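Student: This one is data_32.cif, mmCIF, C-alpha atoms.
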data_entry
#
loop_
_atom_site.label_atom_id
_atom_site.label_comp_id
_atom_site.auth_asym_id
_atom_site.auth_seq_id
_atom_site.Cartn_x
_atom_site.Cartn_y
_atom_site.Cartn_z
CA MET L 1 -2.46 -11.65 10.91
CA LYS L 2 1.20 -11.76 11.92
CA ALA L 3 3.49 -10.56 9.17
CA ALA L 4 5.77 -13.62 9.50
CA ASN L 5 2.92 -15.82 8.29
CA LEU L 6 1.49 -13.50 5.64
CA HIS L 7 2.86 -15.26 2.60
CA ARG L 8 1.95 -18.85 3.42
CA ARG L 9 -1.61 -17.94 4.32
CA ASN L 10 -2.20 -15.80 1.25
CA ALA L 11 -4.14 -17.28 -1.67
CA ARG L 12 -2.01 -18.16 -4.69
CA VAL L 13 -2.81 -16.55 -8.05
CA VAL L 14 -2.10 -18.27 -11.35
CA LEU L 15 -0.19 -15.87 -13.60
CA ASN L 16 1.19 -16.31 -17.08
CA LEU L 17 4.65 -14.96 -16.30
CA PRO L 18 7.87 -16.18 -17.95
CA ARG L 19 9.99 -18.35 -15.68
CA PRO L 20 13.69 -17.58 -15.71
CA ALA L 21 15.95 -20.22 -17.21
CA MET L 22 18.35 -21.18 -14.44
CA SER L 23 19.70 -24.30 -12.82
CA ALA L 24 18.69 -23.26 -9.29
CA ALA L 25 15.74 -21.06 -8.39
CA PRO L 26 16.72 -17.79 -6.72
CA ARG L 27 15.77 -17.56 -3.06
CA ILE L 28 14.32 -14.16 -2.16
CA LEU L 29 13.83 -13.15 1.46
CA ILE L 30 11.23 -10.36 1.75
CA VAL L 31 11.26 -8.48 5.05
CA THR L 32 8.39 -6.26 6.15
CA ALA L 33 7.02 -4.60 9.30
CA ALA L 34 3.68 -4.29 11.04
CA PHE L 35 3.72 -0.47 11.09
CA GLY L 36 1.31 0.36 8.28
CA GLU L 37 -0.47 -1.97 5.90
CA GLY L 38 1.45 -0.68 2.87
CA HIS L 39 4.63 -2.50 3.92
CA ASN L 40 2.84 -5.83 4.40
CA SER L 41 0.76 -5.49 1.26
CA ALA L 42 3.82 -4.79 -0.88
CA ALA L 43 5.63 -7.78 0.63
CA ARG L 44 2.75 -10.20 0.08
CA ASN L 45 2.19 -9.09 -3.49
CA LEU L 46 5.87 -9.27 -4.40
CA ALA L 47 6.02 -12.80 -3.04
CA LEU L 48 3.11 -13.84 -5.24
CA ALA L 49 4.74 -12.39 -8.35
CA LEU L 50 8.18 -13.79 -7.54
CA ASP L 51 6.75 -17.25 -6.84
CA ALA L 52 4.87 -17.20 -10.13
CA ALA L 53 8.11 -16.25 -11.91
CA GLY L 54 9.97 -19.24 -10.49
CA ALA L 55 11.62 -17.92 -7.33
CA VAL L 56 11.48 -19.39 -3.86
CA THR L 57 10.34 -16.74 -1.40
CA ARG L 58 9.82 -16.17 2.27
CA VAL L 59 8.03 -13.18 3.82
CA ALA L 60 8.93 -12.37 7.41
CA ASP L 61 8.80 -9.54 9.93
CA PRO L 62 12.05 -9.41 11.93
CA CYS L 63 10.45 -6.97 14.37
CA VAL L 64 7.74 -9.50 15.20
CA LEU L 65 10.27 -12.33 15.39
CA GLY L 66 12.80 -10.41 17.48
CA ALA L 67 10.51 -8.47 19.81
CA PRO L 68 6.94 -9.76 19.41
CA ARG L 69 5.31 -8.16 22.45
CA LEU L 70 6.95 -4.79 21.98
CA THR L 71 6.16 -4.81 18.26
CA ASP L 72 2.51 -5.54 18.98
CA MET L 73 2.37 -2.70 21.50
CA VAL L 74 4.11 -0.24 19.17
CA SER L 75 1.91 -1.31 16.25
CA ARG L 76 -1.22 -0.65 18.30
CA GLY L 77 0.20 2.69 19.35
CA TYR L 78 0.99 3.54 15.74
CA ARG L 79 -2.61 2.89 14.68
CA PHE L 80 -3.97 4.93 17.60
CA VAL L 81 -1.66 7.91 17.06
CA THR L 82 -2.11 8.07 13.28
CA THR L 83 -5.90 7.89 13.65
CA ARG L 84 -6.48 9.99 16.76
CA LEU L 85 -3.38 12.20 17.12
CA PRO L 86 -2.15 12.93 13.61
CA GLN L 87 -0.16 16.03 14.62
CA LEU L 88 1.82 13.98 17.12
CA TRP L 89 2.55 11.45 14.41
CA GLU L 90 3.74 14.24 12.11
CA TRP L 91 6.32 15.26 14.75
CA ILE L 92 7.45 11.62 15.17
CA TYR L 93 7.69 11.16 11.41
CA GLN L 94 9.75 14.31 10.94
CA SER L 95 12.11 13.24 13.71
CA THR L 96 12.85 9.96 11.90
CA ASP L 97 13.81 11.99 8.84
CA ARG L 98 16.87 13.14 10.79
CA CYS L 99 17.68 9.74 12.29
CA ASP L 100 20.60 7.59 11.11
CA PHE L 101 19.64 4.01 11.93
CA SER L 102 23.15 2.75 11.15
CA ARG L 103 24.27 4.47 14.37
CA GLN L 104 21.48 3.13 16.57
CA HIS L 105 22.48 0.46 19.07
CA SER L 106 19.43 0.08 21.30
CA PRO L 107 18.61 -3.38 22.74
CA VAL L 108 15.43 -3.51 20.66
CA LEU L 109 17.35 -3.03 17.41
CA ARG L 110 19.81 -5.72 18.49
CA TRP L 111 16.89 -8.12 18.95
CA VAL L 112 15.60 -7.23 15.49
CA GLU L 113 19.06 -7.59 13.98
CA ARG L 114 19.52 -11.04 15.52
CA ALA L 115 16.14 -12.12 14.15
CA LEU L 116 17.12 -10.93 10.67
CA GLU L 117 20.47 -12.70 10.95
CA CYS L 118 18.71 -15.94 11.93
CA LEU L 119 16.36 -15.61 8.96
CA ILE L 120 19.28 -15.22 6.57
CA ASP L 121 21.22 -18.12 8.12
CA GLU L 122 18.16 -20.38 7.92
CA PHE L 123 16.77 -19.40 4.51
CA GLN L 124 20.09 -18.73 2.73
CA PRO L 125 18.64 -16.14 0.34
CA THR L 126 20.08 -15.11 -3.00
CA ALA L 127 18.85 -11.58 -2.31
CA VAL L 128 16.93 -9.62 0.33
CA VAL L 129 14.01 -7.33 -0.48
CA SER L 130 12.93 -4.86 2.20
CA THR L 131 9.58 -3.06 2.19
CA TYR L 132 10.49 -1.24 5.41
CA PRO L 133 13.37 1.29 5.64
CA LEU L 134 15.05 -0.11 8.78
CA TYR L 135 16.43 -3.47 7.63
CA PRO L 136 18.92 -2.38 4.92
CA TYR L 137 20.86 -0.50 7.63
CA LEU L 138 21.47 -3.82 9.40
CA MET L 139 22.62 -5.80 6.39
CA PRO L 140 26.33 -4.74 6.25
CA ARG L 141 26.86 -6.26 9.71
CA ILE L 142 24.87 -9.40 8.94
CA ALA L 143 25.68 -10.34 5.35
CA ALA L 144 27.88 -7.84 3.57
CA GLY L 145 27.75 -8.43 -0.17
CA LEU L 146 24.27 -9.98 -0.23
CA PRO L 147 22.11 -7.97 -2.71
CA VAL L 148 19.53 -5.77 -1.00
CA PHE L 149 16.61 -4.15 -2.81
CA THR L 150 14.47 -1.53 -1.08
CA VAL L 151 10.81 -1.17 -2.05
CA VAL L 152 9.75 2.37 -1.15
CA THR L 153 6.07 2.23 -0.24
CA ASP L 154 5.63 6.01 0.09
CA SER L 155 5.13 8.46 -2.77
CA ILE L 156 6.71 11.88 -3.51
CA GLU L 157 7.15 12.89 0.15
CA ILE L 158 10.03 10.50 0.94
CA ASN L 159 11.50 10.28 4.43
CA SER L 160 15.31 10.33 4.34
CA ALA L 161 15.35 7.06 6.31
CA TRP L 162 14.60 5.31 3.01
CA LEU L 163 17.66 6.83 1.34
CA ARG L 164 20.58 6.62 3.76
CA ALA L 165 20.93 2.84 3.97
CA PRO L 166 23.20 0.90 1.60
CA GLY L 167 21.52 -1.09 -1.14
CA ASN L 168 21.60 -2.36 -4.72
CA GLY L 169 18.40 -0.75 -5.92
CA TRP L 170 15.38 1.28 -4.85
CA LEU L 171 12.00 0.43 -6.41
CA VAL L 172 9.56 3.34 -6.40
CA THR L 173 5.92 4.03 -7.20
CA ASP L 174 6.07 6.70 -9.92
CA PRO L 175 8.34 9.10 -11.85
CA ALA L 176 7.71 12.03 -9.47
CA THR L 177 8.90 9.93 -6.51
CA ARG L 178 12.02 8.92 -8.41
CA GLU L 179 12.78 12.58 -9.18
CA ALA L 180 12.24 13.54 -5.52
CA MET L 181 14.73 10.91 -4.40
CA VAL L 182 17.30 12.02 -6.96
CA ARG L 183 16.95 15.59 -5.67
CA LYS L 184 17.69 14.28 -2.18
CA GLY L 185 20.98 12.86 -3.40
CA LEU L 186 20.36 9.22 -4.32
CA ALA L 187 22.04 8.15 -7.56
CA ALA L 188 19.50 8.10 -10.40
CA GLU L 189 20.80 4.79 -11.78
CA LYS L 190 19.90 3.06 -8.51
CA ILE L 191 16.22 4.07 -8.60
CA VAL L 192 13.75 2.09 -10.70
CA ASP L 193 10.16 3.19 -11.33
CA THR L 194 8.20 -0.07 -11.13
CA GLY L 195 4.96 1.18 -9.58
CA PHE L 196 3.70 0.12 -6.16
CA PRO L 197 3.64 -3.70 -5.85
CA VAL L 198 -0.13 -4.15 -6.06
CA HIS L 199 -1.61 -7.65 -6.16
CA PRO L 200 -0.74 -9.33 -9.48
CA VAL L 201 -4.41 -10.05 -10.13
CA PHE L 202 -4.95 -6.33 -10.90
CA SER L 203 -3.21 -6.88 -14.24
CA GLN L 204 -5.88 -9.43 -15.19
CA LEU L 205 -8.99 -7.54 -14.10
CA GLN L 206 -11.03 -5.26 -16.34
CA PRO L 207 -11.57 -1.77 -14.87
CA MET L 208 -14.98 -0.16 -15.18
CA ASP L 209 -15.20 1.71 -18.45
CA ALA L 210 -15.30 5.52 -18.53
CA THR L 211 -18.43 5.30 -20.71
CA ASP L 212 -20.44 3.53 -17.99
CA VAL L 213 -23.95 4.96 -17.48
CA CYS L 214 -23.29 5.40 -13.71
CA ALA L 215 -26.77 4.26 -12.74
CA PRO L 216 -26.43 3.19 -10.04
CA PHE L 217 -23.22 4.98 -9.09
CA ARG L 218 -21.39 2.52 -6.85
CA VAL L 219 -19.13 3.92 -4.10
CA LEU L 220 -16.68 1.71 -2.17
CA TYR L 221 -16.15 3.15 1.32
CA PHE L 222 -13.40 2.21 3.78
CA PRO L 223 -14.24 3.89 7.13
CA THR L 224 -11.90 4.51 10.05
CA ALA L 225 -12.73 3.22 13.50
CA GLN L 226 -14.42 6.52 14.41
CA LEU L 227 -18.17 5.87 14.47
CA SER L 228 -19.26 9.46 13.94
CA PHE L 229 -17.32 9.59 10.69
CA LEU L 230 -19.03 6.48 9.34
CA ARG L 231 -22.52 7.89 9.89
CA ARG L 232 -21.62 11.36 8.66
CA HIS L 233 -19.80 10.13 5.58
CA ALA L 234 -22.44 7.59 4.60
CA ARG L 235 -25.27 10.11 4.89
CA ASP L 236 -23.32 12.74 2.94
CA LEU L 237 -22.87 10.27 0.10
CA LEU L 238 -26.35 8.79 0.07
CA GLU L 239 -28.07 12.18 0.26
CA THR L 240 -26.15 13.43 -2.79
CA SER L 241 -28.26 11.49 -5.28
CA PRO L 242 -30.74 8.58 -5.22
CA ALA L 243 -28.51 6.94 -7.84
CA VAL L 244 -25.69 6.54 -5.29
CA CYS L 245 -25.22 3.14 -3.65
CA ILE L 246 -22.41 2.40 -1.23
CA THR L 247 -20.48 -0.69 -0.19
CA ILE L 248 -19.03 -0.27 3.31
CA VAL L 249 -15.96 -2.44 4.02
CA LEU L 250 -15.77 -2.74 7.80
CA GLY L 251 -12.51 -4.73 7.77
CA ARG L 252 -11.01 -5.72 11.10
CA ASN L 253 -13.17 -3.14 12.89
CA VAL L 254 -16.32 -5.07 12.02
CA ARG L 255 -17.48 -5.61 15.61
CA ARG L 256 -17.01 -1.96 16.51
CA LEU L 257 -18.51 -0.50 13.35
CA TYR L 258 -21.28 -2.93 12.46
CA PRO L 259 -24.12 -1.52 14.66
CA LYS L 260 -23.83 1.97 13.14
CA ALA L 261 -23.31 0.61 9.65
CA ARG L 262 -26.43 -1.52 10.07
CA GLU L 263 -28.32 1.59 11.15
CA ILE L 264 -27.34 3.30 7.88
CA LYS L 265 -28.30 0.22 5.87
CA ASP L 266 -31.75 0.13 7.45
CA GLN L 267 -32.23 3.86 6.91
CA TYR L 268 -31.46 3.59 3.16
CA PRO L 269 -32.94 0.23 2.12
CA GLY L 270 -31.50 -1.36 -0.99
CA ARG L 271 -28.66 1.16 -1.28
CA VAL L 272 -26.10 -0.04 1.28
CA ARG L 273 -24.04 -3.21 1.25
CA LEU L 274 -21.93 -4.26 4.24
CA ILE L 275 -18.75 -6.34 4.00
CA GLY L 276 -16.43 -7.42 6.82
CA TRP L 277 -12.81 -8.36 6.25
CA THR L 278 -12.22 -9.44 2.65
CA ARG L 279 -9.47 -10.61 0.29
CA ARG L 280 -11.42 -9.37 -2.73
CA VAL L 281 -10.41 -5.71 -2.63
CA PRO L 282 -8.99 -5.81 -6.21
CA GLN L 283 -12.29 -7.13 -7.54
CA LEU L 284 -14.32 -4.65 -5.49
CA LEU L 285 -12.29 -1.69 -6.74
CA ASN L 286 -12.80 -2.75 -10.34
CA GLN L 287 -16.57 -3.07 -9.77
CA HIS L 288 -17.10 0.38 -8.23
CA HIS L 289 -17.10 3.87 -9.71
CA LEU L 290 -15.42 5.62 -6.78
CA VAL L 291 -13.46 4.66 -3.67
CA ILE L 292 -13.39 6.66 -0.44
CA GLY L 293 -10.80 5.96 2.25
CA LYS L 294 -7.72 7.16 4.08
CA ALA L 295 -4.59 8.04 2.14
CA GLY L 296 -2.60 4.92 2.99
CA GLY L 297 -0.13 3.70 0.38
CA ALA L 298 -1.80 0.35 -0.28
CA THR L 299 -5.32 1.77 -0.74
CA VAL L 300 -4.22 4.70 -2.93
CA HIS L 301 -2.14 2.54 -5.24
CA GLU L 302 -4.78 -0.17 -5.45
CA ALA L 303 -7.27 2.51 -6.50
CA ILE L 304 -4.79 3.68 -9.14
CA ALA L 305 -4.31 0.11 -10.35
CA ALA L 306 -8.07 -0.37 -10.70
CA ARG L 307 -8.46 3.02 -12.40
CA CYS L 308 -10.95 3.86 -9.66
CA PRO L 309 -11.07 7.60 -8.75
CA MET L 310 -10.58 8.28 -5.06
CA LEU L 311 -11.62 10.79 -2.43
CA ILE L 312 -9.54 10.93 0.78
CA HIS L 313 -11.51 11.27 4.02
CA HIS L 314 -8.51 11.00 6.38
CA LEU L 315 -4.91 12.07 5.87
CA VAL L 316 -2.03 11.25 8.21
CA PRO L 317 0.53 14.08 8.06
CA GLY L 318 3.90 12.93 6.79
CA GLN L 319 4.10 10.02 4.38
CA GLU L 320 0.41 10.06 3.37
CA GLU L 321 0.66 13.63 2.11
CA GLY L 322 2.72 12.31 -0.78
CA ASN L 323 0.04 9.79 -1.67
CA LEU L 324 -2.51 12.60 -1.91
CA ARG L 325 -0.12 14.66 -4.03
CA LEU L 326 0.28 11.73 -6.39
CA LEU L 327 -3.49 11.35 -6.80
CA GLU L 328 -3.83 15.07 -7.44
CA SER L 329 -0.97 15.10 -9.96
CA ILE L 330 -2.58 12.27 -11.90
CA GLY L 331 -5.95 14.03 -11.77
CA ALA L 332 -7.54 11.03 -10.11
CA GLY L 333 -8.58 12.19 -6.65
CA SER L 334 -8.58 14.82 -3.94
CA LEU L 335 -8.91 15.46 -0.22
CA ALA L 336 -12.42 15.60 1.26
CA ASP L 337 -11.91 15.58 5.03
CA ALA L 338 -14.10 18.50 6.16
CA PRO L 339 -17.82 18.14 6.99
CA GLY L 340 -19.85 18.18 3.80
CA ASP L 341 -16.81 17.76 1.52
CA LEU L 342 -17.67 14.22 0.43
CA GLY L 343 -21.18 15.14 -0.63
CA ASN L 344 -20.08 18.31 -2.38
CA GLN L 345 -17.26 16.65 -4.30
CA LEU L 346 -19.39 13.66 -5.25
CA SER L 347 -22.09 16.03 -6.54
CA ALA L 348 -19.47 17.79 -8.67
CA LEU L 349 -18.23 14.48 -10.08
CA LEU L 350 -21.78 13.46 -11.05
CA SER L 351 -22.82 16.76 -12.62
CA ASP L 352 -23.02 17.15 -16.40
CA GLN L 353 -23.55 13.42 -16.91
CA ALA L 354 -20.62 12.53 -14.63
CA ALA L 355 -18.12 14.51 -16.72
CA GLY L 356 -15.77 14.97 -13.74
CA TRP L 357 -15.74 11.28 -12.96
CA ARG L 358 -15.10 10.38 -16.60
CA ALA L 359 -12.17 12.81 -16.76
CA MET L 360 -10.61 11.08 -13.74
CA LYS L 361 -11.08 7.68 -15.37
CA HIS L 362 -9.28 8.86 -18.51
CA ALA L 363 -6.44 10.30 -16.39
CA LEU L 364 -6.00 6.97 -14.61
CA ALA L 365 -5.98 5.11 -17.92
CA ARG L 366 -3.14 7.36 -19.09
CA HIS L 367 -1.21 6.73 -15.87
CA ASP L 368 -1.70 2.96 -16.37
CA ARG L 369 -0.21 1.33 -13.25
CA ASN L 370 -1.65 -2.10 -12.49
CA ALA L 371 1.35 -4.48 -12.56
CA GLY L 372 3.86 -3.11 -10.05
CA ALA L 373 4.57 -6.42 -8.32
CA ILE L 374 5.13 -8.17 -11.65
CA ILE L 375 7.49 -5.46 -12.95
CA ALA L 376 9.36 -5.34 -9.64
CA SER L 377 9.75 -9.13 -9.54
CA ARG L 378 11.22 -9.17 -13.05
CA PHE L 379 13.71 -6.44 -12.11
CA ILE L 380 14.78 -8.22 -8.91
CA LEU L 381 15.20 -11.57 -10.67
CA LYS L 382 17.16 -10.06 -13.55
CA LYS L 383 19.54 -8.27 -11.19
CA THR L 384 19.92 -11.40 -9.08
CA MET L 385 20.61 -13.60 -12.12
CA ASP L 386 23.03 -11.08 -13.64
CA ARG L 387 24.96 -11.03 -10.39
CA GLY L 388 25.14 -14.83 -10.27
CA SER L 389 26.19 -15.30 -13.90
#
Starting from the coordinates I provided, produce the structure as structure tokens.
Tutor:
Amino acid sequence: MKAANLHRRNARVVLNLPRPAMSAAPRILIVTAAFGEGHNSAARNLALALDAAGAVTRVADPCVLGAPRLTDMVSRGYRFVTTRLPQLWEWIYQSTDRCDFSRQHSPVLRWVERALECLIDEFQPTAVVSTYPLYPYLMPRIAAGLPVFTVVTDSIEINSAWLRAPGNGWLVTDPATREAMVRKGLAAEKIVDTGFPVHPVFSQLQPMDATDVCAPFRVLYFPTAQLSFLRRHARDLLETSPAVCITIVLGRNVRRLYPKAREIKDQYPGRVRLIGWTRRVPQLLNQHHLVIGKAGGATVHEAIAARCPMLIHHLVPGQEEGNLRLLESIGAGSLADAPGDLGNQLSALLSDQAAGWRAMKHALARHDRNAGAIIASRFILKKTMDRGS
């Protein structure tokens, strides 16, 4: 799905949020990028919360609008490198930490800048919210004085690209991330801990209780496109205990992964459920005891919102290391990327009447982050209204 159309094609959610008293609804332009699902997820969810609170929003991807073919090629390359060549991605990521995008004048960036300028001229926003670090660098040349809020979709390990651009506020996922950004030199009063902008429906769902009997013990599994991992992971989990059942979400890789997933389902009758692409991830997370996936920002923070403990089977060096650190600091998950790790860690969680799993559930309840988009939308609207009054 192209990022420029994400908002209009997303299902609306009815929320009981207070609408601001104002003569004209604020117009919020939310800009995102196709390089990692966390950026798009945060943008979509913020739009839902802002709409419900009375704003007029538009979600767009200036990279797609300004350079569609190149963006598609780079996006495909990003997915390939982060999945197959993680060490190469680590080098690329570290190089961007030293890059000052305000001094970049490549033709591609000019195309992106023109697309962003056209969006602002057409939509006439009251404020701009960016879920990708590039766009705030372009704003002084396009619309100096227009409020810009940056939603940082990474945790703890924060690339300096997020920090160097001008802006009116940075919205972050947790206190540790805020402290890390202050240590890097960003003014503390500009950083607001709202939580990751998860889908607003998380605030209305009931997480599975820590006293659950865990029979069956339901595992939600998000595989990568690598077939051998799917078979190995599924067998590790299912061989741990006959009480374990797994739901495999094949996502957009359904055609590639389905034959091997079907093989696992046939081998363990009645214990494996297969799902393709779905919009019901919030509901699924709240209905399962454990989630297993890669350490992407959206998945990790959705697991936190659902109070669903998580094991990481794939970690991209760089920004995803911070997501793992956040899970570990909460006491809600760990890395399990070596052969046999998933089975061993699941066995430990289930031992002593699932005492380990219950401890993780209690830790997530104490952390209590399931309304990031709602909190962020209220902050953005208040700042926008204060500026206009």
Student: Quick one: which segment 174-238 of chain L residues come within 12 Å of segment 147-163 of chain L, and what is the nearest atom pair for each with the distance in Å to one decimal, counting only C-alpha atoms, rows ordered by chain and ascending number, as CSV?
Tutor:
residue,atom,partner,partner_atom,distance
L:Asp174,CA,L:Ser155,CA,7.4
L:Pro175,CA,L:Ile156,CA,8.9
L:Ala176,CA,L:Ile156,CA,6.0
L:Thr177,CA,L:Ile156,CA,4.2
L:Arg178,CA,L:Ile156,CA,7.8
L:Glu179,CA,L:Ile156,CA,8.3
L:Ala180,CA,L:Ile156,CA,6.1
L:Met181,CA,L:Ile158,CA,7.1
L:Val182,CA,L:Leu163,CA,9.8
L:Arg183,CA,L:Ile158,CA,10.8
L:Lys184,CA,L:Ser160,CA,8.0
L:Gly185,CA,L:Leu163,CA,8.4
L:Leu186,CA,L:Leu163,CA,6.7
L:Ala187,CA,L:Leu163,CA,10.0
L:Ala188,CA,L:Leu163,CA,12.0
L:Lys190,CA,L:Phe149,CA,9.8
L:Ile191,CA,L:Thr150,CA,9.5
L:Val192,CA,L:Val151,CA,9.7
L:Asp193,CA,L:Val152,CA,10.2
L:Thr194,CA,L:Val151,CA,9.5
L:Gly195,CA,L:Thr153,CA,9.5
L:Phe196,CA,L:Thr153,CA,6.7
L:Pro197,CA,L:Val151,CA,8.5
L:Val198,CA,L:Thr153,CA,10.6
Student: Could you tell me, as a VMD selection string, exactly which residues end up selected when the PyMOL selection byres ((chain L and resi 126-135) around 9) is applied to this structure?
Tutor: chain L and resid 26 to 33 35 38 to 40 42 to 43 62 101 to 102 112 to 113 116 120 124 to 125 136 to 139 146 to 153 161 to 163 165 380 384 388
Student: Hey, which bits of segment 283-386 of chain L sit within 7 Å of segment 228-239 of chain L, and for each residue what's the closest pair of atoms and how far apart in Å (one decimal), counting only C-alpha atoms, rows by chain and increasing number, as a Markdown table?
Tutor:
| residue | atom | partner | partner_atom | distance |
| --- | --- | --- | --- | --- |
| L:Gly340 | CA | L:Asp236 | CA | 6.5 |
| L:Leu342 | CA | L:Asp236 | CA | 6.4 |
| L:Gly343 | CA | L:Asp236 | CA | 4.8 |
Student: Find, counting all atoms listed in the file, the residue in L:Ala306, L:Leu290, L:Ala365, L:Ala215 that gets nearest to Leu349 of chain L.
Tutor: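 Nearest candidate to Leu349 of chain L out of L:Ala306, L:Leu290, L:Ala365, L:Ala215: L:Leu290.
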Student: Rank L:Leu171, L:Ala359, L:Cys63, L:Met310 by their smallest atom-to-atom distance to Gly293 of chain L, using all atoms listed in the file, and report the top residue only.
Tutor: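 Selected residue with least distance to Gly293 of chain L: L:Met310.
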Student: Starting from the shown file, work through the PyMOL selection byres ((chain L and resi 368) around 10) and note down what comes out as a PyMOL selection string.
Tutor: chain L and resi 195+304-307+362-367+369-371
Student: When the PyMOL selection byres ((chain L and resi 74-90) around 10) is applied to the file above, which residues end up in the set, as a list of chain:residue names?
Tutor: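 Evaluating the PyMOL selection byres ((chain L and resi 74-90) around 10) on these coordinates yields L:Ala33, L:Ala34, L:Phe35, L:Gly36, L:Pro68, L:Arg69, L:Leu70, L:Thr71, L:Asp72, L:Met73, L:Trp91, L:Ile92, L:Tyr93, L:Gln94, L:Ser95, L:Thr224, L:Ala225, L:Gln226, L:Lys294, L:His314, L:Leu315, L:Val316, L:Pro317, L:Gly318, L:Gln319.
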Student: Okay, now the selection with C-alpha atoms, as a PDB file, in the frame of the given file?
Tutor:
ATOM      1  CA  ALA L  33       7.020  -4.600   9.300  1.00  0.00           C
ATOM      2  CA  ALA L  34       3.680  -4.290  11.040  1.00  0.00           C
ATOM      3  CA  PHE L  35       3.720  -0.470  11.090  1.00  0.00           C
ATOM      4  CA  GLY L  36       1.310   0.360   8.280  1.00  0.00           C
ATOM      5  CA  PRO L  68       6.940  -9.760  19.410  1.00  0.00           C
ATOM      6  CA  ARG L  69       5.310  -8.160  22.450  1.00  0.00           C
ATOM      7  CA  LEU L  70       6.950  -4.790  21.980  1.00  0.00           C
ATOM      8  CA  THR L  71       6.160  -4.810  18.260  1.00  0.00           C
ATOM      9  CA  ASP L  72       2.510  -5.540  18.980  1.00  0.00           C
ATOM     10  CA  MET L  73       2.370  -2.700  21.500  1.00  0.00           C
ATOM     11  CA  TRP L  91       6.320  15.260  14.750  1.00  0.00           C
ATOM     12  CA  ILE L  92       7.450  11.620  15.170  1.00  0.00           C
ATOM     13  CA  TYR L  93       7.690  11.160  11.410  1.00  0.00           C
ATOM     14  CA  GLN L  94       9.750  14.310  10.940  1.00  0.00           C
ATOM     15  CA  SER L  95      12.110  13.240  13.710  1.00  0.00           C
ATOM     16  CA  THR L 224     -11.900   4.510  10.050  1.00  0.00           C
ATOM     17  CA  ALA L 225     -12.730   3.220  13.500  1.00  0.00           C
ATOM     18  CA  GLN L 226     -14.420   6.520  14.410  1.00  0.00           C
ATOM     19  CA  LYS L 294      -7.720   7.160   4.080  1.00  0.00           C
ATOM     20  CA  HIS L 314      -8.510  11.000   6.380  1.00  0.00           C
ATOM     21  CA  LEU L 315      -4.910  12.070   5.870  1.00  0.00           C
ATOM     22  CA  VAL L 316      -2.030  11.250   8.210  1.00  0.00           C
ATOM     23  CA  PRO L 317       0.530  14.080   8.060  1.00  0.00           C
ATOM     24  CA  GLY L 318       3.900  12.930   6.790  1.00  0.00           C
ATOM     25  CA  GLN L 319       4.100  10.020   4.380  1.00  0.00           C
TER      26      GLN L 319
END
Student: What is the atom CA of Arg387 of chain L to atom CA of His199 of chain L distance in Å?
Tutor: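 Value for the atom CA of Arg387 of chain L-atom CA of His199 of chain L distance: 27.1 Å.
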Student: So what do you get for atom CA of Met385 of chain L versus atom CA of Val59 of chain L, distance-wise?
Tutor: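 Separating atom CA of Met385 of chain L from atom CA of Val59 of chain L is a distance of 20.3 Å.
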Student: Between L:Gly372, L:Gly251, L:Pro242, L:Pro339, which has the minimum distance to Gly270 of chain L (counting all atoms listed in the file)?
Tutor: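 Among the listed residues, the smallest separation from Gly270 of chain L belongs to L:Pro242.
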Student: Do you know which residues are at most 9 Å from Thr247 of chain L counting only C-alpha atoms, after dropping those on the same chain fewer than 6 positions away, and could you put them as a list in words?
Tutor: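 Near Thr247 of chain L, the qualifying residues are Arg218, Val219, Leu220, Tyr221, Phe222, Arg271, Val272, Arg273, Leu274, Ile275 and His288 of chain L.
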Student: In Å, how far is it from atom CA of Leu46 of chain L to atom CA of Asn168 of chain L?
Tutor: 17.2 Å
Student: Complete the atoms of segment 190-198 of chain L to N, CA and C atoms and put them out as a PDB file, in the coordinates of the input.
Tutor:
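Saved to rebuild.pdb:
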ATOM      1  N   LYS L 190      20.296   4.048  -9.510  1.00  0.00           N
ATOM      2  CA  LYS L 190      19.900   3.060  -8.510  1.00  0.00           C
ATOM      3  C   LYS L 190      18.391   3.024  -8.276  1.00  0.00           C
ATOM      4  N   ILE L 191      17.665   3.953  -8.876  1.00  0.00           N
ATOM      5  CA  ILE L 191      16.220   4.070  -8.600  1.00  0.00           C
ATOM      6  C   ILE L 191      15.438   3.610  -9.826  1.00  0.00           C
ATOM      7  N   VAL L 192      14.527   2.673  -9.612  1.00  0.00           N
ATOM      8  CA  VAL L 192      13.750   2.090 -10.700  1.00  0.00           C
ATOM      9  C   VAL L 192      12.263   2.345 -10.455  1.00  0.00           C
ATOM     10  N   ASP L 193      11.609   2.915 -11.420  1.00  0.00           N
ATOM     11  CA  ASP L 193      10.160   3.190 -11.330  1.00  0.00           C
ATOM     12  C   ASP L 193       9.407   1.937 -11.782  1.00  0.00           C
ATOM     13  N   THR L 194       8.948   1.159 -10.823  1.00  0.00           N
ATOM     14  CA  THR L 194       8.200  -0.070 -11.130  1.00  0.00           C
ATOM     15  C   THR L 194       6.702   0.091 -10.877  1.00  0.00           C
ATOM     16  N   GLY L 195       6.328   1.103 -10.085  1.00  0.00           N
ATOM     17  CA  GLY L 195       4.960   1.180  -9.580  1.00  0.00           C
ATOM     18  C   GLY L 195       4.878   0.442  -8.253  1.00  0.00           C
ATOM     19  N   PHE L 196       3.911   0.803  -7.433  1.00  0.00           N
ATOM     20  CA  PHE L 196       3.700   0.120  -6.160  1.00  0.00           C
ATOM     21  C   PHE L 196       3.366  -1.347  -6.417  1.00  0.00           C
ATOM     22  N   PRO L 197       3.905  -2.267  -5.626  1.00  0.00           N
ATOM     23  CA  PRO L 197       3.640  -3.700  -5.850  1.00  0.00           C
ATOM     24  C   PRO L 197       2.202  -4.087  -5.462  1.00  0.00           C
ATOM     25  N   VAL L 198       1.251  -3.739  -6.307  1.00  0.00           N
ATOM     26  CA  VAL L 198      -0.130  -4.150  -6.060  1.00  0.00           C
ATOM     27  C   VAL L 198      -0.278  -5.640  -6.387  1.00  0.00           C
TER      28      VAL L 198
END
